[in-house]
Structures are given as structure tokens and as C-alpha cells.
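Asks: The following file, data_32.tsv, comprises TSV, N, CA and C atoms:
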```tsv
chain	number	residue	atom	x	y	z
A	1	MET	N	0.85	-1.18	0.00
A	1	MET	CA	0.00	0.00	0.00
A	1	MET	C	0.89	1.25	0.00
A	2	LYS	N	0.58	2.20	-0.86
A	2	LYS	CA	1.34	3.44	-0.97
A	2	LYS	C	0.87	4.43	0.10
A	3	LYS	N	1.83	5.17	0.66
A	3	LYS	CA	1.51	6.11	1.74
A	3	LYS	C	1.69	7.54	1.23
A	4	ILE	N	0.69	8.38	1.49
A	4	ILE	CA	0.70	9.77	1.04
A	4	ILE	C	0.63	10.69	2.25
A	5	LEU	N	1.56	11.65	2.30
A	5	LEU	CA	1.57	12.66	3.36
A	5	LEU	C	0.88	13.91	2.85
A	6	ILE	N	-0.20	14.30	3.53
A	6	ILE	CA	-0.92	15.52	3.20
A	6	ILE	C	-0.58	16.57	4.25
A	7	THR	N	0.04	17.67	3.81
A	7	THR	CA	0.44	18.75	4.71
A	7	THR	C	-0.41	19.97	4.39
A	8	GLU	N	-1.32	20.28	5.29
A	8	GLU	CA	-2.31	21.34	5.05
A	8	GLU	C	-2.79	21.84	6.40
A	9	ASP	N	-2.74	23.17	6.63
A	9	ASP	CA	-3.14	23.71	7.93
A	9	ASP	C	-4.64	23.82	8.10
A	10	SER	N	-5.40	23.86	7.02
A	10	SER	CA	-6.86	23.92	7.12
A	10	SER	C	-7.43	22.51	7.32
A	11	PRO	N	-8.07	22.26	8.48
A	11	PRO	CA	-8.65	20.93	8.72
A	11	PRO	C	-9.66	20.53	7.64
A	12	THR	N	-10.44	21.49	7.16
A	12	THR	CA	-11.45	21.20	6.14
A	12	THR	C	-10.78	20.77	4.84
A	13	MET	N	-9.78	21.51	4.39
A	13	MET	CA	-9.10	21.17	3.14
A	13	MET	C	-8.31	19.87	3.30
A	14	ARG	N	-7.69	19.68	4.45
A	14	ARG	CA	-6.94	18.44	4.69
A	14	ARG	C	-7.89	17.24	4.63
A	15	SER	N	-9.07	17.39	5.22
A	15	SER	CA	-10.07	16.33	5.19
A	15	SER	C	-10.56	16.07	3.77
A	16	LEU	N	-10.76	17.13	3.00
A	16	LEU	CA	-11.20	16.98	1.61
A	16	LEU	C	-10.15	16.25	0.77
A	17	LEU	N	-8.90	16.63	0.93
A	17	LEU	CA	-7.81	15.95	0.20
A	17	LEU	C	-7.74	14.48	0.62
A	18	ALA	N	-7.80	14.23	1.93
A	18	ALA	CA	-7.70	12.86	2.44
A	18	ALA	C	-8.86	12.00	1.97
A	19	SER	N	-10.07	12.55	1.98
A	19	SER	CA	-11.21	11.74	1.55
A	19	SER	C	-11.20	11.50	0.04
A	20	THR	N	-10.72	12.48	-0.72
A	20	THR	CA	-10.61	12.29	-2.17
A	20	THR	C	-9.63	11.17	-2.49
A	21	ILE	N	-8.45	11.25	-1.91
A	21	ILE	CA	-7.42	10.24	-2.18
A	21	ILE	C	-7.75	8.92	-1.49
A	22	GLY	N	-8.32	9.01	-0.30
A	22	GLY	CA	-8.69	7.82	0.45
A	22	GLY	C	-9.80	7.02	-0.19
A	23	SER	N	-10.49	7.60	-1.17
A	23	SER	CA	-11.54	6.87	-1.88
A	23	SER	C	-10.95	5.75	-2.73
A	24	VAL	N	-9.66	5.79	-2.95
A	24	VAL	CA	-8.95	4.73	-3.66
A	24	VAL	C	-8.31	3.82	-2.62
A	25	ASP	N	-8.59	2.52	-2.71
A	25	ASP	CA	-8.16	1.57	-1.67
A	25	ASP	C	-6.65	1.39	-1.56
A	26	ASP	N	-5.90	1.76	-2.58
A	26	ASP	CA	-4.46	1.48	-2.61
A	26	ASP	C	-3.62	2.48	-1.82
A	27	TYR	N	-4.24	3.49	-1.21
A	27	TYR	CA	-3.46	4.55	-0.58
A	27	TYR	C	-3.77	4.68	0.90
A	28	GLU	N	-2.71	4.84	1.69
A	28	GLU	CA	-2.84	5.15	3.11
A	28	GLU	C	-2.48	6.63	3.26
A	29	ILE	N	-3.25	7.35	4.07
A	29	ILE	CA	-3.05	8.78	4.25
A	29	ILE	C	-2.42	9.07	5.61
A	30	VAL	N	-1.40	9.92	5.61
A	30	VAL	CA	-0.80	10.45	6.83
A	30	VAL	C	-1.00	11.96	6.74
A	31	GLU	N	-1.47	12.57	7.83
A	31	GLU	CA	-1.78	13.99	7.80
A	31	GLU	C	-0.86	14.80	8.71
A	32	ALA	N	-0.49	15.99	8.22
A	32	ALA	CA	0.27	16.95	9.01
A	32	ALA	C	-0.43	18.30	8.90
A	33	SER	N	-0.56	18.99	10.03
A	33	SER	CA	-1.28	20.27	10.02
A	33	SER	C	-0.34	21.46	9.80
A	34	SER	N	0.96	21.18	9.63
A	34	SER	CA	1.92	22.26	9.38
A	34	SER	C	3.18	21.67	8.74
A	35	GLY	N	3.99	22.55	8.18
A	35	GLY	CA	5.25	22.10	7.62
A	35	GLY	C	6.15	21.51	8.69
A	36	PHE	N	6.12	22.11	9.87
A	36	PHE	CA	6.92	21.61	10.99
A	36	PHE	C	6.51	20.18	11.35
A	37	GLU	N	5.21	19.95	11.42
A	37	GLU	CA	4.72	18.60	11.74
A	37	GLU	C	5.12	17.61	10.64
A	38	ALA	N	5.08	18.05	9.39
A	38	ALA	CA	5.50	17.18	8.28
A	38	ALA	C	6.97	16.79	8.43
A	39	LEU	N	7.81	17.75	8.79
A	39	LEU	CA	9.23	17.46	8.98
A	39	LEU	C	9.46	16.48	10.13
A	40	ARG	N	8.62	16.54	11.15
A	40	ARG	CA	8.72	15.59	12.27
A	40	ARG	C	8.26	14.19	11.85
A	41	LEU	N	7.29	14.12	10.92
A	41	LEU	CA	6.75	12.83	10.49
A	41	LEU	C	7.66	12.11	9.49
A	42	LEU	N	8.35	12.87	8.65
A	42	LEU	CA	9.13	12.24	7.57
A	42	LEU	C	10.10	11.16	8.03
A	43	PRO	N	10.86	11.36	9.11
A	43	PRO	CA	11.78	10.29	9.52
A	43	PRO	C	11.07	9.05	10.06
A	44	ARG	N	9.82	9.22	10.51
A	44	ARG	CA	9.09	8.10	11.12
A	44	ARG	C	8.19	7.36	10.14
A	45	GLU	N	7.82	8.00	9.06
A	45	GLU	CA	6.88	7.42	8.10
A	45	GLU	C	7.55	7.33	6.73
A	46	LYS	N	7.53	6.16	6.12
A	46	LYS	CA	8.05	6.04	4.76
A	46	LYS	C	6.93	6.43	3.81
A	47	VAL	N	7.00	7.64	3.27
A	47	VAL	CA	5.93	8.11	2.39
A	47	VAL	C	6.35	8.00	0.93
A	48	ASP	N	5.35	7.79	0.07
A	48	ASP	CA	5.58	7.63	-1.36
A	48	ASP	C	5.22	8.89	-2.15
A	49	LEU	N	4.50	9.82	-1.51
A	49	LEU	CA	4.08	11.06	-2.17
A	49	LEU	C	3.81	12.09	-1.07
A	50	ILE	N	4.16	13.33	-1.36
A	50	ILE	CA	3.87	14.43	-0.44
A	50	ILE	C	2.99	15.45	-1.15
A	51	ILE	N	1.90	15.85	-0.50
A	51	ILE	CA	1.04	16.92	-1.00
A	51	ILE	C	1.09	18.03	0.04
A	52	THR	N	1.39	19.25	-0.41
A	52	THR	CA	1.50	20.35	0.55
A	52	THR	C	0.83	21.62	0.06
A	53	ASP	N	0.32	22.36	1.01
A	53	ASP	CA	-0.16	23.72	0.78
A	53	ASP	C	1.08	24.62	0.83
A	54	ILE	N	0.94	25.85	0.37
A	54	ILE	CA	2.05	26.80	0.48
A	54	ILE	C	1.92	27.63	1.76
A	55	ASN	N	0.76	28.24	1.96
A	55	ASN	CA	0.57	29.16	3.08
A	55	ASN	C	0.20	28.40	4.36
A	56	MET	N	1.21	28.25	5.23
A	56	MET	CA	0.98	27.59	6.51
A	56	MET	C	1.81	28.30	7.57
A	57	PRO	N	1.39	28.20	8.83
A	57	PRO	CA	2.19	28.80	9.90
A	57	PRO	C	3.50	28.02	10.07
A	58	ASP	N	4.39	28.55	10.81
A	58	ASP	CA	5.74	28.04	11.10
A	58	ASP	C	6.50	27.77	9.80
A	59	ILE	N	6.59	26.56	9.33
A	59	ILE	CA	7.32	26.25	8.10
A	59	ILE	C	6.31	26.17	6.96
A	60	ASN	N	6.46	27.04	5.95
A	60	ASN	CA	5.48	27.03	4.86
A	60	ASN	C	5.82	25.94	3.83
A	61	GLY	N	4.93	25.77	2.88
A	61	GLY	CA	5.09	24.71	1.88
A	61	GLY	C	6.34	24.84	1.04
A	62	LEU	N	6.73	26.06	0.70
A	62	LEU	CA	7.93	26.26	-0.11
A	62	LEU	C	9.19	25.87	0.68
A	63	GLU	N	9.19	26.18	1.97
A	63	GLU	CA	10.32	25.77	2.82
A	63	GLU	C	10.36	24.25	2.96
A	64	LEU	N	9.19	23.63	3.06
A	64	LEU	CA	9.11	22.17	3.14
A	64	LEU	C	9.67	21.53	1.86
A	65	ILE	N	9.26	22.07	0.71
A	65	ILE	CA	9.75	21.55	-0.57
A	65	ILE	C	11.27	21.67	-0.64
A	66	SER	N	11.78	22.82	-0.27
A	66	SER	CA	13.23	23.05	-0.30
A	66	SER	C	13.95	22.03	0.58
A	67	TYR	N	13.42	21.79	1.77
A	67	TYR	CA	14.03	20.81	2.68
A	67	TYR	C	14.02	19.42	2.05
A	68	VAL	N	12.87	19.01	1.54
A	68	VAL	CA	12.72	17.67	0.96
A	68	VAL	C	13.67	17.49	-0.23
A	69	ARG	N	13.73	18.48	-1.10
A	69	ARG	CA	14.56	18.36	-2.30
A	69	ARG	C	16.06	18.41	-2.00
A	70	ASN	N	16.42	18.98	-0.86
A	70	ASN	CA	17.83	19.05	-0.50
A	70	ASN	C	18.27	17.94	0.45
A	71	ASN	N	17.37	17.03	0.78
A	71	ASN	CA	17.69	15.93	1.68
A	71	ASN	C	17.75	14.63	0.88
A	72	PRO	N	18.91	13.97	0.83
A	72	PRO	CA	19.03	12.74	0.04
A	72	PRO	C	18.07	11.64	0.44
A	73	ASN	N	17.58	11.65	1.66
A	73	ASN	CA	16.63	10.62	2.11
A	73	ASN	C	15.24	10.80	1.50
A	74	TYR	N	14.92	12.04	1.09
A	74	TYR	CA	13.55	12.32	0.64
A	74	TYR	C	13.47	12.90	-0.77
A	75	GLN	N	14.59	13.30	-1.36
A	75	GLN	CA	14.54	14.05	-2.61
A	75	GLN	C	13.90	13.31	-3.77
A	76	HIS	N	13.79	11.98	-3.68
A	76	HIS	CA	13.17	11.19	-4.75
A	76	HIS	C	11.64	11.14	-4.65
A	77	ILE	N	11.07	11.61	-3.55
A	77	ILE	CA	9.63	11.50	-3.32
A	77	ILE	C	8.89	12.53	-4.19
A	78	PRO	N	7.92	12.08	-4.99
A	78	PRO	CA	7.11	13.05	-5.75
A	78	PRO	C	6.38	13.99	-4.80
A	79	LEU	N	6.24	15.24	-5.22
A	79	LEU	CA	5.68	16.27	-4.37
A	79	LEU	C	4.74	17.15	-5.16
A	80	PHE	N	3.52	17.32	-4.65
A	80	PHE	CA	2.51	18.18	-5.28
A	80	PHE	C	2.23	19.37	-4.38
A	81	ILE	N	1.99	20.51	-4.99
A	81	ILE	CA	1.47	21.68	-4.29
A	81	ILE	C	-0.01	21.80	-4.61
A	82	VAL	N	-0.83	22.00	-3.58
A	82	VAL	CA	-2.24	22.32	-3.76
A	82	VAL	C	-2.45	23.61	-2.97
A	83	SER	N	-2.66	24.73	-3.69
A	83	SER	CA	-2.66	26.03	-3.03
A	83	SER	C	-3.66	26.99	-3.66
A	84	THR	N	-4.03	28.00	-2.89
A	84	THR	CA	-4.86	29.08	-3.43
A	84	THR	C	-4.01	30.06	-4.23
A	85	GLU	N	-2.70	30.01	-4.04
A	85	GLU	CA	-1.79	30.89	-4.78
A	85	GLU	C	-1.80	30.47	-6.24
A	86	SER	N	-2.33	31.34	-7.10
A	86	SER	CA	-2.57	30.92	-8.48
A	86	SER	C	-1.83	31.73	-9.53
A	87	SER	N	-0.95	32.63	-9.12
A	87	SER	CA	-0.25	33.44	-10.12
A	87	SER	C	0.81	32.60	-10.82
A	88	GLU	N	1.18	33.04	-12.01
A	88	GLU	CA	2.22	32.37	-12.77
A	88	GLU	C	3.54	32.36	-11.98
A	89	LYS	N	3.79	33.45	-11.26
A	89	LYS	CA	5.01	33.55	-10.45
A	89	LYS	C	5.03	32.48	-9.36
A	90	ASP	N	3.90	32.27	-8.68
A	90	ASP	CA	3.82	31.24	-7.64
A	90	ASP	C	4.05	29.85	-8.23
A	91	LEU	N	3.40	29.60	-9.35
A	91	LEU	CA	3.53	28.30	-10.02
A	91	LEU	C	4.99	28.06	-10.40
A	92	GLU	N	5.61	29.04	-11.02
A	92	GLU	CA	7.01	28.90	-11.44
A	92	GLU	C	7.93	28.67	-10.24
A	93	LYS	N	7.69	29.40	-9.16
A	93	LYS	CA	8.54	29.25	-7.97
A	93	LYS	C	8.40	27.86	-7.38
A	94	GLY	N	7.17	27.38	-7.26
A	94	GLY	CA	6.93	26.04	-6.71
A	94	GLY	C	7.58	24.96	-7.54
A	95	LEU	N	7.44	25.05	-8.85
A	95	LEU	CA	8.04	24.05	-9.73
A	95	LEU	C	9.57	24.18	-9.75
A	96	ALA	N	10.07	25.40	-9.68
A	96	ALA	CA	11.53	25.61	-9.67
A	96	ALA	C	12.16	25.03	-8.40
A	97	LEU	N	11.44	25.08	-7.28
A	97	LEU	CA	11.95	24.50	-6.04
A	97	LEU	C	11.94	22.98	-6.07
A	98	GLY	N	11.16	22.41	-6.98
A	98	GLY	CA	11.17	20.96	-7.11
A	98	GLY	C	9.84	20.26	-7.00
A	99	ALA	N	8.73	21.01	-6.93
A	99	ALA	CA	7.42	20.35	-6.94
A	99	ALA	C	7.21	19.69	-8.30
A	100	ASN	N	6.61	18.50	-8.28
A	100	ASN	CA	6.33	17.81	-9.53
A	100	ASN	C	5.06	18.32	-10.19
A	101	GLU	N	4.09	18.72	-9.38
A	101	GLU	CA	2.81	19.21	-9.89
A	101	GLU	C	2.33	20.36	-9.01
A	102	TYR	N	1.47	21.20	-9.62
A	102	TYR	CA	0.93	22.36	-8.90
A	102	TYR	C	-0.55	22.45	-9.25
A	103	LEU	N	-1.40	22.26	-8.25
A	103	LEU	CA	-2.85	22.37	-8.44
A	103	LEU	C	-3.36	23.57	-7.67
A	104	VAL	N	-4.28	24.30	-8.27
A	104	VAL	CA	-4.85	25.48	-7.63
A	104	VAL	C	-6.18	25.12	-6.99
A	105	LYS	N	-6.38	25.59	-5.74
A	105	LYS	CA	-7.66	25.39	-5.06
A	105	LYS	C	-8.68	26.36	-5.65
A	106	PRO	N	-9.93	25.97	-5.80
A	106	PRO	CA	-10.43	24.62	-5.54
A	106	PRO	C	-9.92	23.66	-6.61
A	107	PHE	N	-9.39	22.53	-6.18
A	107	PHE	CA	-8.80	21.57	-7.10
A	107	PHE	C	-9.87	20.64	-7.68
A	108	ASP	N	-9.56	20.06	-8.82
A	108	ASP	CA	-10.43	19.09	-9.48
A	108	ASP	C	-10.08	17.71	-8.91
A	109	PRO	N	-10.99	17.07	-8.17
A	109	PRO	CA	-10.68	15.77	-7.55
A	109	PRO	C	-10.25	14.71	-8.57
A	110	THR	N	-10.87	14.72	-9.74
A	110	THR	CA	-10.51	13.74	-10.76
A	110	THR	C	-9.07	13.96	-11.22
A	111	ARG	N	-8.69	15.21	-11.42
A	111	ARG	CA	-7.32	15.53	-11.84
A	111	ARG	C	-6.32	15.13	-10.75
A	112	LEU	N	-6.65	15.39	-9.49
A	112	LEU	CA	-5.78	15.01	-8.39
A	112	LEU	C	-5.55	13.50	-8.40
A	113	LEU	N	-6.62	12.73	-8.53
A	113	LEU	CA	-6.48	11.27	-8.54
A	113	LEU	C	-5.69	10.78	-9.74
A	114	GLU	N	-5.87	11.44	-10.90
A	114	GLU	CA	-5.09	11.08	-12.09
A	114	GLU	C	-3.59	11.29	-11.83
A	115	LEU	N	-3.24	12.42	-11.21
A	115	LEU	CA	-1.83	12.71	-10.93
A	115	LEU	C	-1.26	11.74	-9.89
A	116	VAL	N	-2.02	11.45	-8.85
A	116	VAL	CA	-1.56	10.50	-7.84
A	116	VAL	C	-1.29	9.16	-8.51
A	117	SER	N	-2.20	8.72	-9.34
A	117	SER	CA	-2.04	7.44	-10.05
A	117	SER	C	-0.83	7.48	-10.98
A	118	LYS	N	-0.64	8.60	-11.65
A	118	LYS	CA	0.51	8.74	-12.57
A	118	LYS	C	1.83	8.57	-11.82
A	119	TYR	N	1.95	9.15	-10.64
A	119	TYR	CA	3.21	9.10	-9.91
A	119	TYR	C	3.38	7.85	-9.06
A	120	LEU	N	2.29	7.24	-8.65
A	120	LEU	CA	2.38	6.07	-7.79
A	120	LEU	C	2.03	4.76	-8.49
A	121	GLY	N	1.58	4.90	-9.75
A	121	GLY	CA	1.30	3.71	-10.56
A	121	GLY	C	0.19	2.90	-9.98
```
As C-alpha cells, please, write out the structure in this file.

Replies:
Amino acid sequence: MKKILITEDSPTMRSLLASTIGSVDDYEIVEASSGFEALRLLPREKVDLIITDINMPDINGLELISYVRNNPNYQHIPLFIVSTESSEKDLEKGLALGANEYLVKPFDPTRLLELVSKYLG
């Protein structure tokens, strides 16, 4: 079973992401309510995909991406951004830091599942 880490400070959005992805039996969901919590979970949980918001307290999504991409233990993990930040500049910055995909909220659940399937087979 593939494990997906969802990092999102909004409980409602985190629940929506988890229920969308959790509707597929092949995935186990691990949730973090902040970038800091995600960094604490990474050494304890072997995750196959990371989904993160950008705007979060303490460590934001861009800082999380930078950490993951610069750490040899995690740099191979596919990483998606799901954010309300929708400008071309935000998208370019997220992808330049190493995100594999960038979805704008409100996200299309079908598209999210297609991308998860694409990266996790």
C-alpha cells in the first residue's frame, strides 16, 4: 500500500484531500497540520508522495519543498502543491523549487487522482 503525506493547515481542506485520495483503496493517508509537523513525520513514516499547501504557519510549503529536495533521504519523493496561490510567479517558484505538480484550489478531484495514479502507478 502506498503512503501519502498531506500537509495542510486547514482541517477542512486536509479532510477533503484525504477523503478524495482515500476513496482509492491502494493509498494510506498520513496527515500533518503544518510544515513543521511534516518534517517531524518524515523520519518516522516512509511516504511515497507528499502533497503540501504553500501558506501555513511556522514552516510554509515552499520551505518544506526546499528541505525535501535538498535531503538525500527524501529528494526522490514526488511532491505536489495544492494552493490558493494561483499566479504564474507562484507556479514557477513552486516548480523551480522541485514540486512535480501544482494544483490550484479549488482543485479538481478527478485531476488530483489522475496525478496521484501517474506518480504512484

Asks: Near A:Ala32, within 7 Å and counting only C-alpha atoms, which residues show up once chain neighbours fewer than 6 positions away are dropped, as a PyMOL selection string?

Replies: chain A and resi 6-8+38

Asks: List every residue of stretch 54-106 of chain A that DSSP, applied to the backbone of this structure, assigns to strand (DSSP E or B), and report them as a list in words.

Replies: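 So, restricting stretch 54-106 of chain A to strand (DSSP E or B), we get Leu79, Phe80, Ile81, Val82, Ser83, Glu101, Tyr102, Leu103 and Val104 of chain A.
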
Asks: Write out as a ChimeraX atom specification the residues lying within 8 Å of A:Ile50, counting only C-alpha atoms and excluding same-chain residues fewer than 3 positions away.

Replies: /A:4-7,47,77-80

Asks: Pick out the closest residue to A:Pro106 from this set: A:Lys118, A:Thr84, A:Arg44, A:Gly94. Count all atoms listed in the file.

Replies: A:Thr84

Asks: Choose the residue, out of A:Thr20, A:Ser15, A:Asn70, A:Ser10, that has the smallest atom-to-atom separation from A:Leu112; count only N, CA and C atoms.

Replies: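 Under the stated criterion, the closest residue is A:Thr20.
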
Asks: As an exercise, work out the distance from atom C of A:Val82 to atom N of A:Asp25 in Å and give it to one decimal place.

Replies: 22.0 Å

Asks: Between atom CA of A:Thr52 and atom CA of A:Ile81, what is the distance, to one decimal in Å?

Replies: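 Pair atom CA of A:Thr52 / atom CA of A:Ile81 returns 5.0 Å.
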
Asks: Do you have the atom C of A:Arg40-atom N of A:Leu103 distance handy?

Replies: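 Straight-line distance from atom C of A:Arg40 to atom N of A:Leu103 works out to 23.7 Å.
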
Asks: Point out the residue among A:Gly22, A:Gly35, A:Gly121, A:Pro11 with the least atom-to-atom distance to A:Leu64, counting only N, CA and C atoms.

Replies: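 Smallest distance to A:Leu64 is found for A:Gly35.
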
Asks: So which one's closest to A:Gly61, A:Met1, A:Leu97, A:Leu49, A:Leu41? Using only C-alpha atoms, please.

Replies: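 Among A:Met1, A:Leu97, A:Leu49, A:Leu41, it is A:Leu97 that comes nearest to A:Gly61.
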
Asks: As a ChimeraX atom specification, list the residues of chain A assigned to helix (DSSP H, G or I) by DSSP on the backbone atoms of this structure.

Replies: /A:11-22,35-41,61-69,88-97,109-120

Asks: Would you save the residues of that selection, restricted to N, CA and C atoms, as a short mmCIF file (atom, residue, chain, number, x, y, z; two decimals), in the frame of the given file?

Replies:
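After the write, again.cif holds the following:
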```cif
data_model
loop_
_atom_site.label_atom_id
_atom_site.label_comp_id
_atom_site.auth_asym_id
_atom_site.auth_seq_id
_atom_site.Cartn_x
_atom_site.Cartn_y
_atom_site.Cartn_z
N PRO A 11 -8.07 22.26 8.48
CA PRO A 11 -8.65 20.93 8.72
C PRO A 11 -9.66 20.53 7.64
N THR A 12 -10.44 21.49 7.16
CA THR A 12 -11.45 21.20 6.14
C THR A 12 -10.78 20.77 4.84
N MET A 13 -9.78 21.51 4.39
CA MET A 13 -9.10 21.17 3.14
C MET A 13 -8.31 19.87 3.30
N ARG A 14 -7.69 19.68 4.45
CA ARG A 14 -6.94 18.44 4.69
C ARG A 14 -7.89 17.24 4.63
N SER A 15 -9.07 17.39 5.22
CA SER A 15 -10.07 16.33 5.19
C SER A 15 -10.56 16.07 3.77
N LEU A 16 -10.76 17.13 3.00
CA LEU A 16 -11.20 16.98 1.61
C LEU A 16 -10.15 16.25 0.77
N LEU A 17 -8.90 16.63 0.93
CA LEU A 17 -7.81 15.95 0.20
C LEU A 17 -7.74 14.48 0.62
N ALA A 18 -7.80 14.23 1.93
CA ALA A 18 -7.70 12.86 2.44
C ALA A 18 -8.86 12.00 1.97
N SER A 19 -10.07 12.55 1.98
CA SER A 19 -11.21 11.74 1.55
C SER A 19 -11.20 11.50 0.04
N THR A 20 -10.72 12.48 -0.72
CA THR A 20 -10.61 12.29 -2.17
C THR A 20 -9.63 11.17 -2.49
N ILE A 21 -8.45 11.25 -1.91
CA ILE A 21 -7.42 10.24 -2.18
C ILE A 21 -7.75 8.92 -1.49
N GLY A 22 -8.32 9.01 -0.30
CA GLY A 22 -8.69 7.82 0.45
C GLY A 22 -9.80 7.02 -0.19
N GLY A 35 3.99 22.55 8.18
CA GLY A 35 5.25 22.10 7.62
C GLY A 35 6.15 21.51 8.69
N PHE A 36 6.12 22.11 9.87
CA PHE A 36 6.92 21.61 10.99
C PHE A 36 6.51 20.18 11.35
N GLU A 37 5.21 19.95 11.42
CA GLU A 37 4.72 18.60 11.74
C GLU A 37 5.12 17.61 10.64
N ALA A 38 5.08 18.05 9.39
CA ALA A 38 5.50 17.18 8.28
C ALA A 38 6.97 16.79 8.43
N LEU A 39 7.81 17.75 8.79
CA LEU A 39 9.23 17.46 8.98
C LEU A 39 9.46 16.48 10.13
N ARG A 40 8.62 16.54 11.15
CA ARG A 40 8.72 15.59 12.27
C ARG A 40 8.26 14.19 11.85
N LEU A 41 7.29 14.12 10.92
CA LEU A 41 6.75 12.83 10.49
C LEU A 41 7.66 12.11 9.49
N GLY A 61 4.93 25.77 2.88
CA GLY A 61 5.09 24.71 1.88
C GLY A 61 6.34 24.84 1.04
N LEU A 62 6.73 26.06 0.70
CA LEU A 62 7.93 26.26 -0.11
C LEU A 62 9.19 25.87 0.68
N GLU A 63 9.19 26.18 1.97
CA GLU A 63 10.32 25.77 2.82
C GLU A 63 10.36 24.25 2.96
N LEU A 64 9.19 23.63 3.06
CA LEU A 64 9.11 22.17 3.14
C LEU A 64 9.67 21.53 1.86
N ILE A 65 9.26 22.07 0.71
CA ILE A 65 9.75 21.55 -0.57
C ILE A 65 11.27 21.67 -0.64
N SER A 66 11.78 22.82 -0.27
CA SER A 66 13.23 23.05 -0.30
C SER A 66 13.95 22.03 0.58
N TYR A 67 13.42 21.79 1.77
CA TYR A 67 14.03 20.81 2.68
C TYR A 67 14.02 19.42 2.05
N VAL A 68 12.87 19.01 1.54
CA VAL A 68 12.72 17.67 0.96
C VAL A 68 13.67 17.49 -0.23
N ARG A 69 13.73 18.48 -1.10
CA ARG A 69 14.56 18.36 -2.30
C ARG A 69 16.06 18.41 -2.00
N GLU A 88 1.18 33.04 -12.01
CA GLU A 88 2.22 32.37 -12.77
C GLU A 88 3.54 32.36 -11.98
N LYS A 89 3.79 33.45 -11.26
CA LYS A 89 5.01 33.55 -10.45
C LYS A 89 5.03 32.48 -9.36
N ASP A 90 3.90 32.27 -8.68
CA ASP A 90 3.82 31.24 -7.64
C ASP A 90 4.05 29.85 -8.23
N LEU A 91 3.40 29.60 -9.35
CA LEU A 91 3.53 28.30 -10.02
C LEU A 91 4.99 28.06 -10.40
N GLU A 92 5.61 29.04 -11.02
CA GLU A 92 7.01 28.90 -11.44
C GLU A 92 7.93 28.67 -10.24
N LYS A 93 7.69 29.40 -9.16
CA LYS A 93 8.54 29.25 -7.97
C LYS A 93 8.40 27.86 -7.38
N GLY A 94 7.17 27.38 -7.26
CA GLY A 94 6.93 26.04 -6.71
C GLY A 94 7.58 24.96 -7.54
N LEU A 95 7.44 25.05 -8.85
CA LEU A 95 8.04 24.05 -9.73
C LEU A 95 9.57 24.18 -9.75
N ALA A 96 10.07 25.40 -9.68
CA ALA A 96 11.53 25.61 -9.67
C ALA A 96 12.16 25.03 -8.40
N LEU A 97 11.44 25.08 -7.28
CA LEU A 97 11.95 24.50 -6.04
C LEU A 97 11.94 22.98 -6.07
N PRO A 109 -10.99 17.07 -8.17
CA PRO A 109 -10.68 15.77 -7.55
C PRO A 109 -10.25 14.71 -8.57
N THR A 110 -10.87 14.72 -9.74
CA THR A 110 -10.51 13.74 -10.76
C THR A 110 -9.07 13.96 -11.22
N ARG A 111 -8.69 15.21 -11.42
CA ARG A 111 -7.32 15.53 -11.84
C ARG A 111 -6.32 15.13 -10.75
N LEU A 112 -6.65 15.39 -9.49
CA LEU A 112 -5.78 15.01 -8.39
C LEU A 112 -5.55 13.50 -8.40
N LEU A 113 -6.62 12.73 -8.53
CA LEU A 113 -6.48 11.27 -8.54
C LEU A 113 -5.69 10.78 -9.74
N GLU A 114 -5.87 11.44 -10.90
CA GLU A 114 -5.09 11.08 -12.09
C GLU A 114 -3.59 11.29 -11.83
N LEU A 115 -3.24 12.42 -11.21
CA LEU A 115 -1.83 12.71 -10.93
C LEU A 115 -1.26 11.74 -9.89
N VAL A 116 -2.02 11.45 -8.85
CA VAL A 116 -1.56 10.50 -7.84
C VAL A 116 -1.29 9.16 -8.51
N SER A 117 -2.20 8.72 -9.34
CA SER A 117 -2.04 7.44 -10.05
C SER A 117 -0.83 7.48 -10.98
N LYS A 118 -0.64 8.60 -11.65
CA LYS A 118 0.51 8.74 -12.57
C LYS A 118 1.83 8.57 -11.82
N TYR A 119 1.95 9.15 -10.64
CA TYR A 119 3.21 9.10 -9.91
C TYR A 119 3.38 7.85 -9.06
N LEU A 120 2.29 7.24 -8.65
CA LEU A 120 2.38 6.07 -7.79
C LEU A 120 2.03 4.76 -8.49
#
```
